[in-house]
file entry-v1.cif (mmCIF, C-alpha atoms)
data_entry
#
loop_
_atom_site.group_PDB
_atom_site.id
_atom_site.type_symbol
_atom_site.label_atom_id
_atom_site.label_comp_id
_atom_site.auth_asym_id
_atom_site.auth_seq_id
_atom_site.Cartn_x
_atom_site.Cartn_y
_atom_site.Cartn_z
ATOM 1 C CA MET A 394 34.910 36.825 24.808
ATOM 2 C CA ALA A 395 35.552 38.671 21.543
ATOM 3 C CA SER A 396 32.657 40.433 19.868
ATOM 4 C CA THR A 397 31.644 41.816 16.493
ATOM 5 C CA ASN A 398 29.035 44.599 16.386
ATOM 6 C CA GLY A 399 28.162 43.809 19.967
ATOM 7 C CA ILE A 400 27.450 40.113 19.321
ATOM 8 C CA PRO A 401 29.810 37.602 20.996
ATOM 9 C CA SER A 402 31.981 35.406 18.797
ATOM 10 C CA THR A 403 31.165 31.733 19.346
ATOM 11 C CA GLY A 404 34.460 30.311 18.061
ATOM 12 C CA ASN A 405 34.655 26.610 18.904
ATOM 13 C CA GLY A 406 32.653 27.025 22.109
ATOM 14 C CA LEU A 407 29.775 25.030 23.524
ATOM 15 C CA ILE A 408 26.232 25.549 22.232
ATOM 16 C CA VAL A 409 23.616 24.677 24.853
ATOM 17 C CA SER A 410 20.042 24.043 23.697
ATOM 18 C CA PHE A 411 17.218 24.368 26.201
ATOM 19 C CA GLY A 412 13.669 23.082 25.907
ATOM 20 C CA GLU A 413 11.661 20.103 24.770
ATOM 21 C CA MET A 414 12.647 16.738 23.351
ATOM 22 C CA LEU A 415 9.961 14.266 22.376
ATOM 23 C CA ILE A 416 8.975 11.349 20.210
ATOM 24 C CA ASP A 417 7.546 12.157 16.764
ATOM 25 C CA PHE A 418 5.278 9.555 15.213
ATOM 26 C CA VAL A 419 5.458 10.453 11.541
ATOM 27 C CA HIS A 420 2.573 9.538 9.255
ATOM 28 C CA ARG A 421 4.516 7.260 6.913
ATOM 29 C CA LEU A 422 2.825 3.926 7.507
ATOM 30 C CA ARG A 423 5.032 0.876 6.948
ATOM 31 C CA ARG A 424 3.946 -2.707 6.456
ATOM 32 C CA VAL A 425 5.150 -5.241 9.027
ATOM 33 C CA PRO A 426 5.476 -9.026 8.495
ATOM 34 C CA SER A 427 2.251 -9.699 10.396
ATOM 35 C CA GLY A 428 0.343 -7.825 7.698
ATOM 36 C CA GLY A 429 -0.392 -4.777 9.854
ATOM 37 C CA THR A 430 1.181 -1.367 9.745
ATOM 38 C CA ARG A 431 3.661 0.458 11.971
ATOM 39 C CA LEU A 432 3.889 4.183 12.597
ATOM 40 C CA PRO A 433 7.610 5.073 12.573
ATOM 41 C CA GLN A 434 8.931 6.918 15.630
ATOM 42 C CA SER A 435 11.669 9.527 15.505
ATOM 43 C CA PRO A 436 13.326 11.858 18.001
ATOM 44 C CA GLY A 437 11.902 15.365 17.829
ATOM 45 C CA GLY A 438 11.749 18.726 19.550
ATOM 46 C CA ALA A 439 13.310 21.764 17.895
ATOM 47 C CA PRO A 440 15.901 22.568 20.608
ATOM 48 C CA ALA A 441 17.111 18.961 20.717
ATOM 49 C CA ASN A 442 17.279 18.876 16.913
ATOM 50 C CA VAL A 443 19.539 21.938 16.996
ATOM 51 C CA ALA A 444 21.874 20.288 19.502
ATOM 52 C CA ILE A 445 22.195 17.151 17.377
ATOM 53 C CA ALA A 446 22.726 19.189 14.190
ATOM 54 C CA VAL A 447 25.491 21.230 15.843
ATOM 55 C CA SER A 448 27.265 18.066 16.959
ATOM 56 C CA ARG A 449 26.948 16.402 13.555
ATOM 57 C CA LEU A 450 28.471 19.500 11.968
ATOM 58 C CA GLY A 451 31.488 19.182 14.222
ATOM 59 C CA GLY A 452 30.481 21.609 16.958
ATOM 60 C CA LYS A 453 30.194 21.138 20.704
ATOM 61 C CA ALA A 454 26.611 20.797 21.917
ATOM 62 C CA ALA A 455 24.673 20.094 25.087
ATOM 63 C CA PHE A 456 20.967 19.777 25.860
ATOM 64 C CA VAL A 457 19.085 20.994 28.933
ATOM 65 C CA GLY A 458 15.579 19.703 29.545
ATOM 66 C CA LYS A 459 13.400 17.138 31.281
ATOM 67 C CA LEU A 460 12.290 13.721 30.041
ATOM 68 C CA GLY A 461 10.026 11.087 31.479
ATOM 69 C CA ASP A 462 11.675 8.278 33.429
ATOM 70 C CA ASP A 463 10.283 5.859 30.844
ATOM 71 C CA GLU A 464 11.428 3.894 27.808
ATOM 72 C CA PHE A 465 11.015 6.847 25.451
ATOM 73 C CA GLY A 466 12.846 9.249 27.767
ATOM 74 C CA HIS A 467 15.880 7.027 28.175
ATOM 75 C CA MET A 468 15.875 6.272 24.456
ATOM 76 C CA LEU A 469 16.002 10.001 23.672
ATOM 77 C CA ALA A 470 18.807 10.599 26.171
ATOM 78 C CA GLY A 471 20.689 7.749 24.508
ATOM 79 C CA ILE A 472 20.195 9.277 21.057
ATOM 80 C CA LEU A 473 21.704 12.547 22.274
ATOM 81 C CA LYS A 474 24.759 10.739 23.631
ATOM 82 C CA GLU A 475 25.115 8.640 20.466
ATOM 83 C CA ASN A 476 25.245 11.880 18.491
ATOM 84 C CA GLY A 477 27.910 13.424 20.685
ATOM 85 C CA VAL A 478 25.585 15.784 22.578
ATOM 86 C CA ARG A 479 26.276 16.288 26.273
ATOM 87 C CA ALA A 480 23.306 15.076 28.294
ATOM 88 C CA ASP A 481 24.327 16.180 31.784
ATOM 89 C CA GLY A 482 21.668 18.893 31.614
ATOM 90 C CA ILE A 483 18.854 16.319 31.466
ATOM 91 C CA THR A 484 16.677 15.384 34.427
ATOM 92 C CA PHE A 485 14.084 12.603 34.525
ATOM 93 C CA ASP A 486 10.584 12.849 35.991
ATOM 94 C CA GLN A 487 9.176 9.717 37.601
ATOM 95 C CA GLY A 488 5.603 10.992 37.620
ATOM 96 C CA ALA A 489 5.155 12.280 34.060
ATOM 97 C CA ARG A 490 5.689 10.726 30.644
ATOM 98 C CA THR A 491 7.880 11.840 27.777
ATOM 99 C CA ALA A 492 5.946 14.007 25.316
ATOM 100 C CA LEU A 493 4.604 12.491 22.091
ATOM 101 C CA ALA A 494 3.653 14.149 18.801
ATOM 102 C CA PHE A 495 1.871 12.755 15.762
ATOM 103 C CA VAL A 496 3.011 14.449 12.569
ATOM 104 C CA THR A 497 1.210 14.497 9.219
ATOM 105 C CA LEU A 498 1.943 16.292 5.950
ATOM 106 C CA ARG A 499 -0.704 18.592 4.492
ATOM 107 C CA ALA A 500 -1.387 18.852 0.767
ATOM 108 C CA ASP A 501 0.706 22.062 0.630
ATOM 109 C CA GLY A 502 3.707 20.256 2.113
ATOM 110 C CA GLU A 503 3.465 21.875 5.552
ATOM 111 C CA ARG A 504 3.468 19.714 8.670
ATOM 112 C CA GLU A 505 0.625 19.381 11.141
ATOM 113 C CA PHE A 506 1.215 18.305 14.740
ATOM 114 C CA MET A 507 -1.017 16.631 17.299
ATOM 115 C CA PHE A 508 0.597 16.628 20.738
ATOM 116 C CA TYR A 509 0.113 14.414 23.787
ATOM 117 C CA ARG A 510 1.241 16.433 26.831
ATOM 118 C CA ASN A 511 -1.012 16.595 29.889
ATOM 119 C CA PRO A 512 1.398 17.247 31.394
ATOM 120 C CA SER A 513 4.528 15.777 29.882
ATOM 121 C CA ALA A 514 7.848 15.747 31.708
ATOM 122 C CA ASP A 515 9.336 18.700 29.797
ATOM 123 C CA MET A 516 6.574 20.954 31.176
ATOM 124 C CA LEU A 517 7.607 20.165 34.756
ATOM 125 C CA LEU A 518 11.228 21.285 34.708
ATOM 126 C CA LYS A 519 11.884 23.475 37.775
ATOM 127 C CA PRO A 520 14.451 26.284 38.130
ATOM 128 C CA GLU A 521 16.241 24.425 40.919
ATOM 129 C CA GLU A 522 16.750 21.419 38.603
ATOM 130 C CA LEU A 523 18.808 23.398 36.077
ATOM 131 C CA ASN A 524 22.469 22.571 35.567
ATOM 132 C CA LEU A 525 23.591 26.172 35.937
ATOM 133 C CA GLU A 526 27.304 25.424 35.549
ATOM 134 C CA LEU A 527 26.628 23.821 32.183
ATOM 135 C CA ILE A 528 24.628 26.866 31.077
ATOM 136 C CA ARG A 529 27.352 29.259 32.271
ATOM 137 C CA SER A 530 29.954 27.323 30.274
ATOM 138 C CA ALA A 531 28.136 27.938 26.973
ATOM 139 C CA LYS A 532 29.128 30.401 24.271
ATOM 140 C CA VAL A 533 25.618 30.194 22.775
ATOM 141 C CA PHE A 534 22.399 29.506 24.666
ATOM 142 C CA HIS A 535 19.599 28.439 22.292
ATOM 143 C CA TYR A 536 15.894 28.098 23.143
ATOM 144 C CA GLY A 537 12.364 28.188 21.770
ATOM 145 C CA SER A 538 9.006 29.362 23.122
ATOM 146 C CA ILE A 539 7.190 26.121 23.947
ATOM 147 C CA SER A 540 8.879 26.082 27.345
ATOM 148 C CA LEU A 541 7.123 29.395 28.119
ATOM 149 C CA ILE A 542 3.613 27.911 27.963
ATOM 150 C CA VAL A 543 3.166 26.715 31.559
ATOM 151 C CA GLU A 544 4.783 26.749 34.971
ATOM 152 C CA PRO A 545 7.142 25.589 36.337
ATOM 153 C CA CYS A 546 8.974 25.277 33.024
ATOM 154 C CA ARG A 547 8.401 28.952 32.202
ATOM 155 C CA SER A 548 10.276 29.999 35.334
ATOM 156 C CA ALA A 549 13.049 27.518 34.553
ATOM 157 C CA HIS A 550 13.317 28.978 31.048
ATOM 158 C CA LEU A 551 13.554 32.559 32.302
ATOM 159 C CA LYS A 552 16.101 31.583 34.958
ATOM 160 C CA ALA A 553 18.256 29.785 32.395
ATOM 161 C CA MET A 554 18.161 32.823 30.085
ATOM 162 C CA GLU A 555 19.114 35.126 32.957
ATOM 163 C CA VAL A 556 22.066 32.970 33.977
ATOM 164 C CA ALA A 557 23.251 32.603 30.368
ATOM 165 C CA LYS A 558 23.056 36.344 29.754
ATOM 166 C CA GLU A 559 24.978 37.144 32.949
ATOM 167 C CA ALA A 560 27.661 34.669 31.843
ATOM 168 C CA GLY A 561 28.110 36.488 28.525
ATOM 169 C CA CYS A 562 26.439 33.910 26.289
ATOM 170 C CA LEU A 563 24.953 34.790 22.931
ATOM 171 C CA LEU A 564 21.184 34.191 23.208
ATOM 172 C CA SER A 565 19.643 32.415 20.209
ATOM 173 C CA TYR A 566 15.826 32.274 19.912
ATOM 174 C CA ASP A 567 13.600 30.180 17.663
ATOM 175 C CA PRO A 568 9.942 31.045 18.412
ATOM 176 C CA ASN A 569 8.859 27.775 16.744
ATOM 177 C CA LEU A 570 5.157 28.678 16.795
ATOM 178 C CA ARG A 571 2.906 25.720 17.655
ATOM 179 C CA LEU A 572 -0.496 27.307 18.274
ATOM 180 C CA PRO A 573 -2.337 24.087 19.308
ATOM 181 C CA LEU A 574 -0.170 23.941 22.430
ATOM 182 C CA TRP A 575 -1.096 27.424 23.659
ATOM 183 C CA PRO A 576 -4.236 28.326 25.644
ATOM 184 C CA SER A 577 -5.023 31.033 23.063
ATOM 185 C CA PRO A 578 -3.379 32.909 20.167
ATOM 186 C CA GLU A 579 -3.254 36.019 22.346
ATOM 187 C CA GLU A 580 -1.313 34.193 25.068
ATOM 188 C CA ALA A 581 1.082 32.774 22.475
ATOM 189 C CA ARG A 582 1.765 36.199 20.998
ATOM 190 C CA GLN A 583 2.249 37.814 24.416
ATOM 191 C CA GLN A 584 4.646 35.180 25.749
ATOM 192 C CA ILE A 585 6.663 34.818 22.541
ATOM 193 C CA LEU A 586 7.191 38.582 22.352
ATOM 194 C CA SER A 587 7.919 38.900 26.082
ATOM 195 C CA ILE A 588 11.496 37.675 25.548
ATOM 196 C CA TRP A 589 12.002 38.940 21.983
ATOM 197 C CA GLU A 590 14.232 41.897 22.828
ATOM 198 C CA LYS A 591 16.527 39.791 25.033
ATOM 199 C CA ALA A 592 17.792 37.644 22.146
ATOM 200 C CA ASP A 593 20.940 38.382 20.146
ATOM 201 C CA LEU A 594 19.837 36.136 17.285
ATOM 202 C CA ILE A 595 16.286 35.196 16.252
ATOM 203 C CA LYS A 596 15.276 32.565 13.688
ATOM 204 C CA VAL A 597 11.754 33.393 12.575
ATOM 205 C CA SER A 598 9.628 32.484 9.548
ATOM 206 C CA ASP A 599 7.372 34.753 7.488
ATOM 207 C CA VAL A 600 4.319 32.910 8.829
ATOM 208 C CA GLU A 601 5.452 33.513 12.416
ATOM 209 C CA LEU A 602 6.090 37.198 11.716
ATOM 210 C CA GLU A 603 2.637 37.586 10.202
ATOM 211 C CA PHE A 604 1.130 36.073 13.330
ATOM 212 C CA LEU A 605 3.235 38.131 15.746
ATOM 213 C CA THR A 606 2.789 41.471 13.969
ATOM 214 C CA GLY A 607 -0.784 40.984 12.747
ATOM 215 C CA SER A 608 0.339 42.221 9.332
ATOM 216 C CA ASP A 609 1.145 40.601 6.015
ATOM 217 C CA LYS A 610 3.807 43.247 5.357
ATOM 218 C CA ILE A 611 6.916 41.281 6.207
ATOM 219 C CA ASP A 612 10.366 42.848 5.893
ATOM 220 C CA ASP A 613 13.575 43.272 7.886
ATOM 221 C CA ALA A 614 12.179 46.266 9.747
ATOM 222 C CA ALA A 615 9.135 44.298 10.872
ATOM 223 C CA ALA A 616 11.371 41.523 12.174
ATOM 224 C CA CYS A 617 13.744 43.887 14.000
ATOM 225 C CA HIS A 618 10.946 45.819 15.715
ATOM 226 C CA CYS A 619 8.571 42.948 16.316
ATOM 227 C CA GLY A 620 9.033 42.967 20.083
ATOM 228 C CA THR A 621 9.124 46.753 20.451
ATOM 229 C CA PRO A 622 6.020 48.272 22.098
ATOM 230 C CA THR A 623 4.067 50.598 19.817
#
call {"tool": "encode", "arguments": {"input": "entry-v1.cif", "output": "structure tokens"}}
result
Amino acid sequence: MASTNGIPSTGNGLIVSFGEMLIDFVHRLRRVPSGGTRLPQSPGGAPANVAIAVSRLGGKAAFVGKLGDDEFGHMLAGILKENGVRADGITFDQGARTALAFVTLRADGEREFMFYRNPSADMLLKPEELNLELIRSAKVFHYGSISLIVEPCRSAHLKAMEVAKEAGCLLSYDPNLRLPLWPSPEEARQQILSIWEKADLIKVSDVELEFLTGSDKIDDAAACHCGTPT
């Protein structure tokens, strides 16, 4: 694999996204003929969104994760396939439901999320359920931090990263901070930073950097050294 400044060139290779996919119920109430209202449902989950975006832009994409063996789970798997995303990295859990999120817009335009996961299927992905050959075939392995919150998904996440790195993949990390899902802010900060230095590429917002560094002084240096022990 060719490289530039130590970072692999992706070319036209496969981008594999790992993590959560769920149903977003967005707070845009619509009237229905009966006179009531309906809360629109949309596919969500940052890693799955990346996979679909890559495919729509003409790239090759696959998704690795776990869904409930329910109507929502099979609908989401179908949406991936309809958008040209490989779904052979998906497993279905017969005992847990697909995750749900209710999304509202604040006055400042930012989104607020209320999640229903206790536990949801994505949290139960085990290392032995990973499609390792699919991960090894990737040029880019993309992931977030939500899959680090609980076991066994945390171990599956770390195993997938290890396999991808050994295969020469570029590791792409989107912390995607969702504090309500974490047991505490301290746990969120610790786990998010625990894999910071392993990534080749990190997509992070100013708000996330402020949280992770504990400082409102945000610059390139702060981002580059965020995961470095002081």
call {"tool": "resolve_selection", "arguments": {"input": "entry-v1.cif", "expression": "the PyMOL selection byres ((chain A and resi 408) around 9)", "output": "list in words"}}
result
Thr403, Gly406, Leu407, Val409, Ser410, Ala444, Val447, Gly452, Lys453, Ala454, Ala455, Phe456, Ala531, Lys532, Val533, Phe534 and His535 of chain A
call {"tool": "atom_distance", "arguments": {"input": "entry-v1.cif", "atom1": "atom CA of Lys596 of chain A", "atom2": "atom CA of Glu559 of chain A"}}
result
22.0 Å
call {"tool": "residues_around", "arguments": {"input": "entry-v1.cif", "residues": "segment 606-613 of chain A", "least_positions_apart": "6", "cutoff": "12 Å", "atoms": "all atoms listed in the file", "output": "JSON, numbers by chain"}}
result
{"A": [578, 579, 582, 583, 585, 586, 595, 597, 598, 599, 600, 619, 620, 621, 622, 623]}
call {"tool": "closest_residue", "arguments": {"input": "entry-v1.cif", "among": "A:Met414, A:Met507, A:Leu518, A:Phe485", "to": "Leu473 of chain A", "atoms": "only C-alpha atoms"}}
result
A:Met414
call {"tool": "residues_around", "arguments": {"input": "entry-v1.cif", "residues": "Ser548 of chain A", "least_positions_apart": "3", "cutoff": "12 Å", "atoms": "all atoms listed in the file", "output": "ChimeraX atom specification"}}
result
/A:516-523,540-545,551-555
call {"tool": "axis_aligned_box", "arguments": {"input": "entry-v1.cif", "around": "segment 498-513 of chain A", "padding_each_side": "5 Å", "output": "lines of an AutoDock Vina configuration file"}}
result
center_x = 1.6
center_y = 18.2
center_z = 16.0
size_x = 15.9
size_y = 17.6
size_z = 40.8
call {"tool": "closest_residue", "arguments": {"input": "entry-v1.cif", "among": "A:Ala494, A:Asp463, A:Phe508, A:Leu527", "to": "Ala480 of chain A", "atoms": "all atoms listed in the file"}}
result
A:Leu527
call {"tool": "residues_around", "arguments": {"input": "entry-v1.cif", "residues": "Lys459 of chain A", "least_positions_apart": "2", "cutoff": "7 Å", "atoms": "all atoms listed in the file", "output": "PDB file with C-alpha atoms, in the frame of the given file"}}
result
ATOM      1  CA  GLY A 461      10.026  11.087  31.479  1.00  0.00           C
ATOM      2  CA  ILE A 483      18.854  16.319  31.466  1.00  0.00           C
ATOM      3  CA  THR A 484      16.677  15.384  34.427  1.00  0.00           C
ATOM      4  CA  PHE A 485      14.084  12.603  34.525  1.00  0.00           C
ATOM      5  CA  ASP A 486      10.584  12.849  35.991  1.00  0.00           C
ATOM      6  CA  ALA A 514       7.848  15.747  31.708  1.00  0.00           C
ATOM      7  CA  ASP A 515       9.336  18.700  29.797  1.00  0.00           C
ATOM      8  CA  LEU A 518      11.228  21.285  34.708  1.00  0.00           C
TER       9      LEU A 518
END
call {"tool": "resolve_selection", "arguments": {"input": "entry-v1.cif", "expression": "the PyMOL selection byres ((chain A and resi 435) around 9)", "output": "compact mmCIF listing (two decimals) with C-alpha atoms, in the coordinates of the input"}}
result
# COMPACT_ATOMS: atom_id res chain seq x y z
CA LEU A 415 9.96 14.27 22.38
CA ILE A 416 8.98 11.35 20.21
CA ASP A 417 7.55 12.16 16.76
CA PHE A 418 5.28 9.56 15.21
CA VAL A 419 5.46 10.45 11.54
CA PRO A 433 7.61 5.07 12.57
CA GLN A 434 8.93 6.92 15.63
CA PRO A 436 13.33 11.86 18.00
CA GLY A 437 11.90 15.36 17.83
call {"tool": "residues_around", "arguments": {"input": "entry-v1.cif", "residues": "Glu464 of chain A", "least_positions_apart": "2", "cutoff": "12 Å", "atoms": "all atoms listed in the file", "output": "mmCIF file with C-alpha atoms, in the frame of the given file"}}
result
data_model
loop_
_atom_site.group_PDB
_atom_site.id
_atom_site.type_symbol
_atom_site.label_atom_id
_atom_site.label_comp_id
_atom_site.auth_asym_id
_atom_site.auth_seq_id
_atom_site.Cartn_x
_atom_site.Cartn_y
_atom_site.Cartn_z
ATOM 1 C CA LEU A 415 9.961 14.266 22.376
ATOM 2 C CA ILE A 416 8.975 11.349 20.210
ATOM 3 C CA LEU A 460 12.290 13.721 30.041
ATOM 4 C CA GLY A 461 10.026 11.087 31.479
ATOM 5 C CA ASP A 462 11.675 8.278 33.429
ATOM 6 C CA GLY A 466 12.846 9.249 27.767
ATOM 7 C CA HIS A 467 15.880 7.027 28.175
ATOM 8 C CA MET A 468 15.875 6.272 24.456
ATOM 9 C CA LEU A 469 16.002 10.001 23.672
ATOM 10 C CA ALA A 470 18.807 10.599 26.171
ATOM 11 C CA GLY A 471 20.689 7.749 24.508
ATOM 12 C CA PHE A 485 14.084 12.603 34.525
ATOM 13 C CA GLN A 487 9.176 9.717 37.601
ATOM 14 C CA ARG A 490 5.689 10.726 30.644
ATOM 15 C CA THR A 491 7.880 11.840 27.777
ATOM 16 C CA ALA A 492 5.946 14.007 25.316
#
call {"tool": "atom_distance", "arguments": {"input": "entry-v1.cif", "atom1": "atom CA of Leu563 of chain A", "atom2": "atom CA of Ala439 of chain A"}}
result
18.2 Å
call {"tool": "closest_residue", "arguments": {"input": "entry-v1.cif", "among": "A:Thr497, A:Ser530, A:Ser587, A:Asn569", "to": "Gly482 of chain A", "atoms": "only C-alpha atoms"}}
result
A:Ser530
